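Written below as structure tokens is the structure these notes are about.
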Amino acid sequence: MSRAVVLGGGLAGVLAATVLAGHADEVVLIEGDRYPSGPRPRRGLPQSHHSHVLVAGGARALDALLPGTVDALLANGAHLRGLPGDALIYSADGWFRRLHTDAHLISCTRGLLDQVVRRRALGGGDVEVWEDTRALGLTGDEARITGVSVSRRGAPPETVRADLVVDATGRRSQSPRWLAQIGAGDVEEVSVATGLAYATRLYQAPGDLAAAIPAIMLHPGTAKGQPARGATLFPVEDGRWIVTLTGTRGGEPPTDEQGFTAFARSLRHPIVADLMAEATPLGVVRPYRDTVNRRRFFERARLPAGFAVVGDAAVAVNPVHSHGMSVAALGALRLREELARHGLGPSLFAGLQAALAAEAERSWRMAIEQDGERVTERAGEGVTERAGEGVTERAGEGVTERAGLDGAPRREPNAFEREIRARLAQAKLSSPRLAADFFGVQTLISGDTATDRSEIARVLTGRPEPLLTGEEAIGQYPALAAWRRSRFAAATQLSPHPLNSVAESPHPLKARAR
């Protein structure tokens, strides 16, 4: 009988186990925690209290693996928001117009998503789940993995034989150490610092606004010498909102009640702070700091046959990019394709890890490019650091070096290139075709570059569209605009300065002229 063992019972592990159940006689899923009985945060998932979204590419992959799962999520209270058609987005270049594209995201709590997926993936009994079981190491040698050593509920170690072991244990994966212990050699690892921290809180939304509002994203501005700060607000199930505040070094969001509120109020636009003021806080503010982009190049190592690594255990990008769950689903879909082509046998192992790595490549490149453009200042040191010029660690050599994203010196764009980039960045705010390109890439449903060359030529040679003010952008969403007008009217009766907040628009003179 053939047996596959999957280490880690999070989303990546559950999806991998589901795929393997169609090819192995027996599949064992090893999970260090006990699953919660309801849609609640899981102890072993450090990010379970924070914002989680499935982008369009991941949602499509999830439905291909487990048909009907997206509908089940929506039926249980998840929200689908088109991008940018159902999202109020204030980028560093201005407000997006409300445009229809195929790009979208699905927002809900991580607890709900995991519960829906587990029920559909594991409910049939094709996968044997060992909860409260800790993986201790691999068995075999540099040529072939034969199984894994585990401890069940604190019992003495036992060996589980396997034809294939899949590591889905996430950022804390011990696979490089385990492989070294059996003589399999080193795994190259690259870490790209982001300098980013964030903090999250759930809110009970007012009934008339709970599900009616768009997703809201306030991206950091471009003020030089200042920490980059931003926010997101997503509707989730049970009439709640989840708010995440982000900041780079020297501008990290506080976790106390007053500080969290004041941070939101200090952002480039007050819309998130205003909505927070209308809602009821649920629980405490929860911080998160492990935002380093980290990649382990297992595909370049001399991996033993019978071993593979999926999800964040191989490629973990800054969670602010919202790609982790989607890349896990895309990786599981690729695993299914490779198994259909080769079966669970020797021909599978030669190219499997490279195939899995290819599914994470777009997300990795996007993350390090975008994080590399974030310039931060180290608090109190007066040192400007480009976040993408991260730290590269060569496993086993004890060498730490500063490097650019590809190991080569970075070339700064010249004035002409900066002007072209600025024109294109502003054009995508209003061009349906450029927005479709941009959000198609961001949501992993298209390639990593825009291809609409005729539209690029048009916007570079034509007259730029006028930028929206904050009020014009909000006015695109009737329910949100009506709430804001009623709030303004109520505040006017109480104070001669009803919205004593930061500027509503990057063009305050234009706003006053209206």
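Ordering of the structure tokens sets the chain letters (A, B, ...), residue numbers begin anew at 1 in every chain, and ligands are numbered from 1 in the order given.
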
Practice prompt. Please provide the set of residues having any atom within 9 Å of Pro46 of chain A, restricted to only C-alpha atoms, with same-chain residues fewer than 4 positions apart removed, written as JSON, numbers by chain.
Written response: {"A": [42, 50, 288]}

I need the chosen residues saved as an mmCIF file, in the first residue's frame, with C-alpha atoms.
```
data_model
loop_
_atom_site.group_PDB
_atom_site.id
_atom_site.type_symbol
_atom_site.label_atom_id
_atom_site.label_comp_id
_atom_site.auth_asym_id
_atom_site.auth_seq_id
_atom_site.Cartn_x
_atom_site.Cartn_y
_atom_site.Cartn_z
ATOM 1 C CA ARG A 42 -6.290 28.260 15.839
ATOM 2 C CA HIS A 50 -5.517 39.077 11.372
ATOM 3 C CA TYR A 288 2.122 41.135 14.140
#
```

Fill in: Every residue of segment 15-209 of chain A that DSSP places in strand (DSSP E or B), as a PyMOL selection string
chain A and resi 26-30+52-55+79-82+87-91+94-95+104-108+128-130+133-140+144-152+158-161+164-167+189-192+196-204

Item to complete: Could you give me, as number ranges by chain, the residues within 8 Å of segment 310-320 of chain A, counting only C-alpha atoms and dropping anything in the same chain fewer than 4 positions from it?
Response: A: 12-13, 166-173, 194, 291-298, 324, 327-328, 331, 356-357, 360, 363-364, 367

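Those residues in segment 102-184 of chain A carrying a DSSP assignment of helix (DSSP H, G or I), computed from the backbone, are Arg110, Gly111, Leu112, Leu113, Asp114, Gln115, Val116, Val117, Arg118, Arg119, Arg120, Ala121, Leu122, Gly170, Arg171, Arg172, Ser175, Pro176, Arg177, Trp178, Leu179, Ala180 and Gln181 of chain A.
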
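Residue neighbourhood of Phe307 of chain A, excluding near-sequence residues (fewer than 4 positions): Ile145, Leu164, Val165, Val166, Asp167, Leu303 and Phe349 of chain A, at 8 Å, using only C-alpha atoms.
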
Written file, previous selection with N, CA, C and O atoms, as an mmCIF file, in the first residue's frame:
```
data_model
loop_
_atom_site.group_PDB
_atom_site.id
_atom_site.type_symbol
_atom_site.label_atom_id
_atom_site.label_comp_id
_atom_site.auth_asym_id
_atom_site.auth_seq_id
_atom_site.Cartn_x
_atom_site.Cartn_y
_atom_site.Cartn_z
ATOM 1 N N ILE A 145 13.772 9.617 1.169
ATOM 2 C CA ILE A 145 13.039 9.760 2.428
ATOM 3 C C ILE A 145 12.115 8.549 2.568
ATOM 4 O O ILE A 145 11.384 8.209 1.635
ATOM 5 N N LEU A 164 5.823 9.308 0.284
ATOM 6 C CA LEU A 164 6.032 10.734 0.056
ATOM 7 C C LEU A 164 5.724 11.485 1.343
ATOM 8 O O LEU A 164 4.678 11.258 1.962
ATOM 9 N N VAL A 165 6.645 12.358 1.745
ATOM 10 C CA VAL A 165 6.428 13.254 2.883
ATOM 11 C C VAL A 165 6.356 14.675 2.336
ATOM 12 O O VAL A 165 7.245 15.116 1.603
ATOM 13 N N VAL A 166 5.295 15.398 2.694
ATOM 14 C CA VAL A 166 5.110 16.783 2.259
ATOM 15 C C VAL A 166 5.153 17.685 3.478
ATOM 16 O O VAL A 166 4.387 17.504 4.424
ATOM 17 N N ASP A 167 6.056 18.653 3.464
ATOM 18 C CA ASP A 167 6.166 19.623 4.557
ATOM 19 C C ASP A 167 5.273 20.812 4.249
ATOM 20 O O ASP A 167 5.498 21.542 3.293
ATOM 21 N N LEU A 303 17.447 17.395 -3.207
ATOM 22 C CA LEU A 303 16.441 16.803 -2.337
ATOM 23 C C LEU A 303 16.383 15.296 -2.505
ATOM 24 O O LEU A 303 16.456 14.783 -3.628
ATOM 25 N N PHE A 349 9.255 12.704 -8.599
ATOM 26 C CA PHE A 349 10.092 13.469 -7.675
ATOM 27 C C PHE A 349 11.117 14.369 -8.348
ATOM 28 O O PHE A 349 11.496 15.404 -7.799
#
```

Fill in: Surrounding residues of segment 23-26 of chain A excluding itself and chain neighbours under 4 positions, 7 Å, only C-alpha atoms, as a count of residues only
6

Hey, could you make a per-residue contact list for segment 70-112 of chain A against segment 475-490 of chain A with 9 Å as the cut-off, showing the nearest pair of atoms and its distance in Å to one decimal, counting only C-alpha atoms, sorted by chain and number, as a tab-separated table?
```
residue	atom	partner	partner_atom	distance
A:Asp86	CA	A:Tyr477	CA	8.3
A:Leu88	CA	A:Tyr477	CA	8.3
A:Arg97	CA	A:Gln476	CA	7.9
A:Arg98	CA	A:Gln476	CA	6.7
```

Those residues you just picked out, can you put them in a file as a PDB file, in the first residue's frame with N, CA and C atoms?
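Output contents, as saved in again.pdb:
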```
ATOM      1  N   ASP A  86     -15.534  47.271  -6.298  1.00  0.00           N
ATOM      2  CA  ASP A  86     -16.175  47.216  -4.980  1.00  0.00           C
ATOM      3  C   ASP A  86     -15.180  47.521  -3.876  1.00  0.00           C
ATOM      4  N   LEU A  88     -12.819  50.807  -2.194  1.00  0.00           N
ATOM      5  CA  LEU A  88     -12.391  52.203  -2.111  1.00  0.00           C
ATOM      6  C   LEU A  88     -10.897  52.193  -1.823  1.00  0.00           C
ATOM      7  N   ARG A  97     -10.812  55.062  -9.526  1.00  0.00           N
ATOM      8  CA  ARG A  97     -12.203  55.140  -9.940  1.00  0.00           C
ATOM      9  C   ARG A  97     -12.843  53.756  -9.835  1.00  0.00           C
ATOM     10  N   ARG A  98     -14.160  53.745  -9.775  1.00  0.00           N
ATOM     11  CA  ARG A  98     -14.893  52.485  -9.633  1.00  0.00           C
ATOM     12  C   ARG A  98     -14.993  51.830 -11.005  1.00  0.00           C
TER      13      ARG A  98
END
```

Practice prompt. Name all residues at most 7 Å from Leu99 of chain A (count only C-alpha atoms; drop same-chain ones fewer than 6 positions away) and give them as number ranges by chain.
Written response: A: 84-85, 432

Item to complete: Calculate how many Å separate atom CA of Ile420 of chain A from atom CA of Gly94 of chain A, rounding to one decimal.
Response: 16.2 Å

Practice prompt. Quick one: everything within 12 Å of segment 250-254 of chain A, counting only C-alpha atoms, minus sequence neighbours fewer than 3 positions away in the same chain. Send it as a PyMOL selection string.
Written response: chain A and resi 195-201+220+225-231+243-247+257-267+284-289+376-384

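For the pair atom CA of Leu136 of chain A and atom CA of Glu158 of chain A, the separation is 9.4 Å.
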
Worksheet entry | Nearest candidate to Asp71 of chain A (options A:Leu113, A:Ile89, A:Val160, A:Val309; using only C-alpha atoms) | A:Leu113

Discussion item. Just the number, please: distance in Å from atom CA of Gln47 of chain A to atom CA of Leu218 of chain A, one decimal.
Written reply: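 Between atom CA of Gln47 of chain A and atom CA of Leu218 of chain A the gap is 20.9 Å.
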
List as CSV every residue of segment 269-358 of chain A that is in contact with segment 441-446 of chain A, defined as an atom at most 10 Å from one of its atoms (using only C-alpha atoms), together with the nearest atom pair and the distance in Å rounded to one decimal, sorted by chain and then rising number.
```
residue,atom,partner,partner_atom,distance
A:His321,CA,A:Gln442,CA,8.5
A:Ser322,CA,A:Thr443,CA,8.9
A:His323,CA,A:Thr443,CA,8.0
A:Ser326,CA,A:Leu444,CA,8.2
A:Val327,CA,A:Leu444,CA,8.6
A:Leu330,CA,A:Leu444,CA,9.4
```
